[in-house]
file entry.cif (mmCIF, C-alpha atoms)
data_entry
loop_
_atom_site.group_PDB
_atom_site.id
_atom_site.type_symbol
_atom_site.label_atom_id
_atom_site.label_comp_id
_atom_site.auth_asym_id
_atom_site.auth_seq_id
_atom_site.Cartn_x
_atom_site.Cartn_y
_atom_site.Cartn_z
ATOM 1 C CA MET A 1 224.213 68.642 191.743
ATOM 2 C CA PRO A 2 223.724 66.938 195.103
ATOM 3 C CA THR A 3 221.523 68.760 197.585
ATOM 4 C CA GLU A 4 220.404 67.967 201.098
ATOM 5 C CA ASN A 5 217.156 66.653 199.634
ATOM 6 C CA ASP A 6 218.980 64.057 197.577
ATOM 7 C CA ALA A 7 220.686 62.641 200.659
ATOM 8 C CA PRO A 8 219.036 64.057 203.757
ATOM 9 C CA TYR A 9 221.104 61.902 206.096
ATOM 10 C CA ALA A 10 224.519 62.448 204.508
ATOM 11 C CA TYR A 11 225.383 65.290 206.929
ATOM 12 C CA ASP A 12 228.237 66.567 204.816
ATOM 13 C CA GLY A 13 228.838 69.304 207.375
ATOM 14 C CA LEU A 14 230.021 66.816 209.998
ATOM 15 C CA ASP A 15 233.667 67.752 209.495
ATOM 16 C CA ARG A 16 235.654 64.575 210.179
ATOM 17 C CA ILE A 17 238.531 66.565 211.648
ATOM 18 C CA ILE A 18 236.232 67.740 214.443
ATOM 19 C CA HIS A 19 233.869 64.756 214.607
ATOM 20 C CA GLU A 20 236.461 62.232 215.829
ATOM 21 C CA LYS A 21 235.541 61.539 219.452
ATOM 22 C CA ALA A 22 238.746 62.657 221.198
ATOM 23 C CA ARG A 23 238.994 65.775 219.049
ATOM 24 C CA LEU A 24 235.355 66.628 219.772
ATOM 25 C CA SER A 25 236.276 66.464 223.486
ATOM 26 C CA VAL A 26 239.243 68.755 222.930
ATOM 27 C CA MET A 27 237.230 71.255 220.893
ATOM 28 C CA THR A 28 234.424 71.340 223.491
ATOM 29 C CA SER A 29 236.948 71.845 226.312
ATOM 30 C CA LEU A 30 238.617 74.657 224.437
ATOM 31 C CA ILE A 31 235.448 76.525 223.461
ATOM 32 C CA SER A 32 234.555 76.367 227.173
ATOM 33 C CA HIS A 33 237.912 77.928 228.086
ATOM 34 C CA PRO A 34 238.408 80.767 225.624
ATOM 35 C CA LYS A 35 241.672 81.872 227.242
ATOM 36 C CA GLY A 36 243.174 78.499 226.495
ATOM 37 C CA LEU A 37 244.162 75.525 228.628
ATOM 38 C CA ALA A 38 247.425 74.022 229.770
ATOM 39 C CA PHE A 39 248.144 70.726 228.030
ATOM 40 C CA ASN A 40 247.964 68.853 231.352
ATOM 41 C CA GLU A 41 244.654 70.386 232.273
ATOM 42 C CA LEU A 42 243.201 69.568 228.850
ATOM 43 C CA LYS A 43 244.464 66.017 229.232
ATOM 44 C CA LYS A 44 242.565 65.617 232.507
ATOM 45 C CA LEU A 45 239.370 67.273 231.301
ATOM 46 C CA CYS A 46 239.225 64.945 228.281
ATOM 47 C CA ARG A 47 240.710 61.916 230.056
ATOM 48 C CA LEU A 48 243.282 61.350 227.309
ATOM 49 C CA THR A 49 246.829 60.057 227.527
ATOM 50 C CA ASP A 50 249.799 62.292 226.701
ATOM 51 C CA GLY A 51 250.311 60.499 223.407
ATOM 52 C CA ASN A 52 246.683 60.608 222.363
ATOM 53 C CA LEU A 53 246.242 64.254 223.238
ATOM 54 C CA SER A 54 249.461 65.213 221.428
ATOM 55 C CA ARG A 55 248.408 63.385 218.309
ATOM 56 C CA HIS A 56 244.915 64.883 218.212
ATOM 57 C CA VAL A 57 246.078 68.404 219.058
ATOM 58 C CA GLN A 58 248.563 68.112 216.208
ATOM 59 C CA VAL A 59 245.764 67.177 213.769
ATOM 60 C CA LEU A 60 243.691 70.147 214.964
ATOM 61 C CA ALA A 61 246.673 72.505 214.778
ATOM 62 C CA GLU A 62 247.578 71.374 211.251
ATOM 63 C CA ALA A 63 243.985 72.075 210.235
ATOM 64 C CA GLY A 64 244.264 75.572 211.712
ATOM 65 C CA LEU A 65 241.611 74.947 214.360
ATOM 66 C CA VAL A 66 243.784 75.284 217.467
ATOM 67 C CA SER A 67 247.024 77.076 218.232
ATOM 68 C CA VAL A 68 249.694 75.641 220.497
ATOM 69 C CA HIS A 69 252.017 77.781 222.604
ATOM 70 C CA LYS A 70 255.169 76.176 223.923
ATOM 71 C CA GLY A 71 256.687 78.091 226.803
ATOM 72 C CA TYR A 72 258.181 77.637 230.242
ATOM 73 C CA GLU A 73 256.848 77.926 233.725
ATOM 74 C CA GLY A 74 260.029 78.360 235.774
ATOM 75 C CA ASN A 75 262.348 75.760 234.297
ATOM 76 C CA ARG A 76 259.610 73.412 233.202
ATOM 77 C CA PRO A 77 258.133 73.275 229.724
ATOM 78 C CA HIS A 78 254.561 74.518 229.782
ATOM 79 C CA THR A 79 252.373 74.013 226.721
ATOM 80 C CA THR A 80 249.019 75.661 226.272
ATOM 81 C CA CYS A 81 246.366 75.266 223.579
ATOM 82 C CA GLU A 82 243.522 77.468 222.482
ATOM 83 C CA LEU A 83 240.950 77.655 219.707
ATOM 84 C CA THR A 84 241.812 79.887 216.779
ATOM 85 C CA PRO A 85 239.071 82.254 215.550
ATOM 86 C CA ALA A 86 238.702 80.045 212.446
ATOM 87 C CA GLY A 87 238.511 76.989 214.710
ATOM 88 C CA ARG A 88 235.742 78.575 216.734
ATOM 89 C CA ASP A 89 233.793 79.396 213.539
ATOM 90 C CA ARG A 90 234.210 75.917 212.105
ATOM 91 C CA PHE A 91 233.232 74.347 215.418
ATOM 92 C CA LEU A 92 230.048 76.448 215.540
ATOM 93 C CA ASP A 93 229.218 75.339 211.977
ATOM 94 C CA TYR A 94 229.840 71.735 212.996
ATOM 95 C CA LEU A 95 227.585 72.155 216.046
ATOM 96 C CA ASN A 96 224.750 73.348 213.825
ATOM 97 C CA VAL A 97 224.904 70.113 211.851
ATOM 98 C CA LEU A 98 225.179 68.067 215.043
ATOM 99 C CA GLU A 99 222.026 69.747 216.331
ATOM 100 C CA GLN A 100 220.315 68.810 213.075
ATOM 101 C CA VAL A 101 221.254 65.144 213.612
ATOM 102 C CA VAL A 102 219.869 65.238 217.153
ATOM 103 C CA ARG A 103 216.678 66.956 215.994
ATOM 104 C CA ASN A 104 216.101 64.512 213.109
ATOM 105 C CA ALA A 105 216.740 61.448 215.239
ATOM 106 C CA ASN A 106 214.712 62.621 218.224
ATOM 107 C CA ALA A 107 211.818 63.644 215.991
ATOM 108 C CA ALA A 108 211.837 60.196 214.400
ATOM 109 C CA ALA A 109 212.132 58.417 217.754
ATOM 110 C CA GLY A 110 209.261 60.466 219.165
ATOM 111 C CA GLU A 111 207.055 59.758 216.153
ATOM 112 C CA GLU A 112 207.699 56.078 216.433
ATOM 113 C CA THR A 113 206.879 56.067 220.145
ATOM 114 C CA THR A 114 203.575 57.872 219.682
ATOM 115 C CA SER A 115 202.560 55.956 216.562
ATOM 116 C CA THR A 116 200.377 52.893 217.197
ATOM 117 C CA THR A 117 201.125 51.373 213.800
ATOM 118 C CA HIS A 118 203.459 48.422 214.077
ATOM 119 C CA GLU A 119 204.511 45.787 211.632
ATOM 120 C CA ALA A 120 206.516 43.170 213.417
ATOM 121 C CA ASP A 121 208.274 42.008 210.262
ATOM 122 C CA GLY A 122 209.082 45.511 209.138
ATOM 123 C CA LEU A 123 210.627 44.286 205.896
ATOM 124 C CA ASN A 124 209.063 46.893 203.624
ATOM 125 C CA PRO A 125 211.190 49.872 202.819
ATOM 126 C CA ALA A 126 209.268 53.091 203.398
ATOM 127 C CA MET B 1 236.947 55.937 240.381
ATOM 128 C CA PRO B 2 236.547 58.223 237.378
ATOM 129 C CA THR B 3 233.358 60.248 237.318
ATOM 130 C CA GLU B 4 231.994 62.804 234.920
ATOM 131 C CA ASN B 5 233.351 65.529 237.208
ATOM 132 C CA ASP B 6 236.895 64.228 236.878
ATOM 133 C CA ALA B 7 236.772 64.511 233.116
ATOM 134 C CA PRO B 8 233.696 66.520 232.166
ATOM 135 C CA TYR B 9 234.599 66.530 228.475
ATOM 136 C CA ALA B 10 235.510 62.861 228.099
ATOM 137 C CA TYR B 11 232.004 61.957 226.858
ATOM 138 C CA ASP B 12 232.478 58.253 227.460
ATOM 139 C CA GLY B 13 228.933 57.637 226.246
ATOM 140 C CA LEU B 14 229.852 58.630 222.684
ATOM 141 C CA ASP B 15 229.890 55.026 221.502
ATOM 142 C CA ARG B 16 232.509 54.873 218.727
ATOM 143 C CA ILE B 17 230.525 52.231 216.842
ATOM 144 C CA ILE B 18 227.717 54.750 216.382
ATOM 145 C CA HIS B 19 229.762 57.977 216.344
ATOM 146 C CA GLU B 20 231.630 57.247 213.104
ATOM 147 C CA LYS B 21 230.169 59.681 210.562
ATOM 148 C CA ALA B 22 228.816 57.207 207.974
ATOM 149 C CA ARG B 23 227.362 54.965 210.676
ATOM 150 C CA LEU B 24 225.710 57.944 212.348
ATOM 151 C CA SER B 25 224.049 58.643 208.979
ATOM 152 C CA VAL B 26 222.888 55.048 208.723
ATOM 153 C CA MET B 27 221.540 54.975 212.285
ATOM 154 C CA THR B 28 219.675 58.274 211.799
ATOM 155 C CA SER B 29 218.179 57.033 208.514
ATOM 156 C CA LEU B 30 217.056 53.817 210.135
ATOM 157 C CA ILE B 31 215.497 55.372 213.247
ATOM 158 C CA SER B 32 213.579 57.602 210.832
ATOM 159 C CA HIS B 33 212.319 54.518 208.958
ATOM 160 C CA PRO B 34 211.247 52.055 211.653
ATOM 161 C CA LYS B 35 209.975 49.530 209.108
ATOM 162 C CA GLY B 36 213.444 49.265 207.634
ATOM 163 C CA LEU B 37 214.996 50.405 204.392
ATOM 164 C CA ALA B 38 216.151 48.689 201.234
ATOM 165 C CA PHE B 39 219.928 48.742 200.912
ATOM 166 C CA ASN B 40 219.731 50.887 197.764
ATOM 167 C CA GLU B 41 217.437 53.408 199.410
ATOM 168 C CA LEU B 42 219.707 53.647 202.436
ATOM 169 C CA LYS B 43 222.673 54.137 200.135
ATOM 170 C CA LYS B 44 220.992 57.123 198.485
ATOM 171 C CA LEU B 45 219.739 58.710 201.729
ATOM 172 C CA CYS B 46 223.257 58.601 203.202
ATOM 173 C CA ARG B 47 225.085 59.218 199.912
ATOM 174 C CA LEU B 48 227.396 56.241 200.437
ATOM 175 C CA THR B 49 228.924 53.867 197.919
ATOM 176 C CA ASP B 50 227.937 50.187 197.838
ATOM 177 C CA GLY B 51 231.235 49.206 199.405
ATOM 178 C CA ASN B 52 231.148 51.803 202.153
ATOM 179 C CA LEU B 53 227.566 51.074 203.101
ATOM 180 C CA SER B 54 228.212 47.312 203.152
ATOM 181 C CA ARG B 55 231.221 47.740 205.385
ATOM 182 C CA HIS B 56 229.474 50.036 207.863
ATOM 183 C CA VAL B 57 226.270 47.990 207.950
ATOM 184 C CA GLN B 58 228.392 44.947 208.717
ATOM 185 C CA VAL B 59 230.013 46.728 211.681
ATOM 186 C CA LEU B 60 226.592 47.745 212.983
ATOM 187 C CA ALA B 61 225.175 44.248 212.456
ATOM 188 C CA GLU B 62 228.107 42.598 214.248
ATOM 189 C CA ALA B 63 227.496 44.949 217.182
ATOM 190 C CA GLY B 64 223.835 43.895 217.229
ATOM 191 C CA LEU B 65 222.561 47.372 216.354
ATOM 192 C CA VAL B 66 220.986 46.598 212.985
ATOM 193 C CA SER B 67 219.589 43.480 211.386
ATOM 194 C CA VAL B 68 220.013 42.645 207.716
ATOM 195 C CA HIS B 69 217.505 40.641 205.693
ATOM 196 C CA LYS B 70 218.641 39.157 202.404
ATOM 197 C CA GLY B 71 215.773 38.202 200.143
ATOM 198 C CA TYR B 72 214.588 38.416 196.572
ATOM 199 C CA GLU B 73 212.301 40.714 194.708
ATOM 200 C CA GLY B 74 211.391 38.657 191.680
ATOM 201 C CA ASN B 75 214.709 37.193 190.587
ATOM 202 C CA ARG B 76 216.810 40.003 191.946
ATOM 203 C CA PRO B 77 218.502 40.011 195.336
ATOM 204 C CA HIS B 78 216.855 42.512 197.652
ATOM 205 C CA THR B 79 218.548 43.399 200.928
ATOM 206 C CA THR B 80 216.866 45.377 203.677
ATOM 207 C CA CYS B 81 218.207 46.748 206.964
ATOM 208 C CA GLU B 82 216.492 47.853 210.140
ATOM 209 C CA LEU B 83 217.401 48.888 213.656
ATOM 210 C CA THR B 84 217.189 46.170 216.292
ATOM 211 C CA PRO B 85 215.417 47.074 219.573
ATOM 212 C CA ALA B 86 218.846 47.086 221.282
ATOM 213 C CA GLY B 87 220.192 49.284 218.503
ATOM 214 C CA ARG B 88 217.378 51.749 219.016
ATOM 215 C CA ASP B 89 218.050 51.859 222.788
ATOM 216 C CA ARG B 90 221.776 52.343 222.331
ATOM 217 C CA PHE B 91 221.205 55.019 219.727
ATOM 218 C CA LEU B 92 218.881 56.917 222.102
ATOM 219 C CA ASP B 93 221.567 56.693 224.828
ATOM 220 C CA TYR B 94 224.135 57.978 222.367
ATOM 221 C CA LEU B 95 221.837 60.865 221.370
ATOM 222 C CA ASN B 96 221.557 61.931 225.013
ATOM 223 C CA VAL B 97 225.325 62.325 225.204
ATOM 224 C CA LEU B 98 225.410 64.108 221.846
ATOM 225 C CA GLU B 99 222.830 66.570 223.151
ATOM 226 C CA GLN B 100 225.039 67.159 226.188
ATOM 227 C CA VAL B 101 227.978 68.011 223.899
ATOM 228 C CA VAL B 102 225.831 70.478 221.955
ATOM 229 C CA ARG B 103 224.490 72.035 225.169
ATOM 230 C CA ASN B 104 227.954 72.393 226.745
ATOM 231 C CA ALA B 105 229.503 73.855 223.630
ATOM 232 C CA ASN B 106 226.642 76.226 222.854
ATOM 233 C CA ALA B 107 226.499 77.408 226.463
ATOM 234 C CA ALA B 108 230.223 78.144 226.361
ATOM 235 C CA ALA B 109 230.013 79.859 222.979
ATOM 236 C CA GLY B 110 227.104 81.997 224.190
ATOM 237 C CA GLU B 111 228.918 82.975 227.395
ATOM 238 C CA GLU B 112 231.958 83.988 225.454
ATOM 239 C CA THR B 113 229.891 86.128 223.143
ATOM 240 C CA THR B 114 228.058 87.922 225.940
ATOM 241 C CA SER B 115 230.961 88.281 228.367
ATOM 242 C CA THR B 116 234.350 88.892 226.831
ATOM 243 C CA THR B 117 236.018 89.746 230.142
ATOM 244 C CA HIS B 118 234.901 86.548 231.840
ATOM 245 C CA GLU B 119 237.607 84.642 233.725
ATOM 246 C CA ALA B 120 237.878 81.250 232.095
ATOM 247 C CA ASP B 121 239.328 79.311 235.012
ATOM 248 C CA GLY B 122 236.084 77.559 235.974
ATOM 249 C CA LEU B 123 236.667 73.924 235.106
ATOM 250 C CA ASN B 124 233.123 72.666 235.545
ATOM 251 C CA PRO B 125 230.791 72.852 232.587
ATOM 252 C CA ALA B 126 227.101 73.091 233.426
#
call {"tool": "encode", "arguments": {"input": "entry.cif", "output": "structure tokens"}}
result
Amino acid sequence: MPTENDAPYAYDGLDRIIHEKARLSVMTSLISHPKGLAFNELKKLCRLTDGNLSRHVQVLAEAGLVSVHKGYEGNRPHTTCELTPAGRDRFLDYLNVLEQVVRNANAAAGEETTSTTHEADGLNPA
Amino acid sequence: MPTENDAPYAYDGLDRIIHEKARLSVMTSLISHPKGLAFNELKKLCRLTDGNLSRHVQVLAEAGLVSVHKGYEGNRPHTTCELTPAGRDRFLDYLNVLEQVVRNANAAAGEETTSTTHEADGLNPA
């Protein structure tokens, strides 16, 4: 049975639905605005095009991570998006793994910087 | 001119070459092993198949982030990979942005937890 020790850098918890760059922007915007955001506002905050935002919001909605409300403001269509409770939970789980990546990489980078041992060729696997 | 304030969740610095999940695994493995890793070791640490690892290492090598050394150990081909100095720099830049994502999202999640009546119309993350 595979464990983290077998493959410490596999980061299975980095849910690909959330990890995609544009969707990570959307999820971070939405967790920062728990009452939801108008589609146009979300588009600006993430600097996405209409088409890109629509596509990514659809992926997140199909996965149950965000809910989309289509309504009207006066005569004009007005769409808003917000995180679902399950989406918030899954995003927090994802963030835990992301923190682990940052910790592992920064720890390694710091070690390397403070270590005086250098082998220019560096061909030997550890 | 677009600035971070225009689109605070765009995270332009999340280099897509590095951000892809399997490549993020590879980069984190390699920064943790500054002398380089044998292809087979890297494959195990990231839990990737031969084909997947080859493909992703090729993308990273073409972008100048990793270098690949093809040699022999006895009669058997022995391939090793390591981060290039430019790859290390770009990975550290990427990690700074990733930390910003984690900070923004965790700050928002914490706020929400401690203040359920908070008006969510502030568009500037910390």
call {"tool": "calpha_fit_rmsd", "arguments": {"input": "entry.cif", "fixed": "chain B", "moving": "chain A"}}
result
3.3 Å
call {"tool": "residues_around", "arguments": {"input": "entry.cif", "residues": "Arg88 of chain B", "least_positions_apart": "6", "cutoff": "9 Å", "atoms": "only C-alpha atoms", "output": "list in words"}}
result
Ala109 of chain A; Met27, Ile31, Leu65 and Val66 of chain B
call {"tool": "atom_distance", "arguments": {"input": "entry.cif", "atom1": "atom CA of Val97 of chain B", "atom2": "atom CA of Lys35 of chain B"}}
result
25.7 Å
call {"tool": "interface_residues", "arguments": {"input": "entry.cif", "of": "chain A", "to": "chain B", "cutoff": "9 Å", "atoms": "only C-alpha atoms", "output": "VMD selection string"}}
result
chain A and resid 5 to 11 14 to 16 19 to 22 24 to 29 31 to 37 43 to 48 88 92 95 to 96 98 to 99 101 to 102 104 to 109 111 to 112 118 to 126
call {"tool": "atom_distance", "arguments": {"input": "entry.cif", "atom1": "atom CA of Asp89 of chain B", "atom2": "atom CA of Leu60 of chain B"}}
result
13.6 Å
call {"tool": "atom_distance", "arguments": {"input": "entry.cif", "atom1": "atom CA of His56 of chain B", "atom2": "atom CA of Ala86 of chain B"}}
result
17.4 Å
call {"tool": "closest_residue", "arguments": {"input": "entry.cif", "among": "A:Pro85, A:Ser67, A:Gln100, A:Val57", "to": "Ile18 of chain A", "atoms": "only C-alpha atoms"}}
result
A:Val57
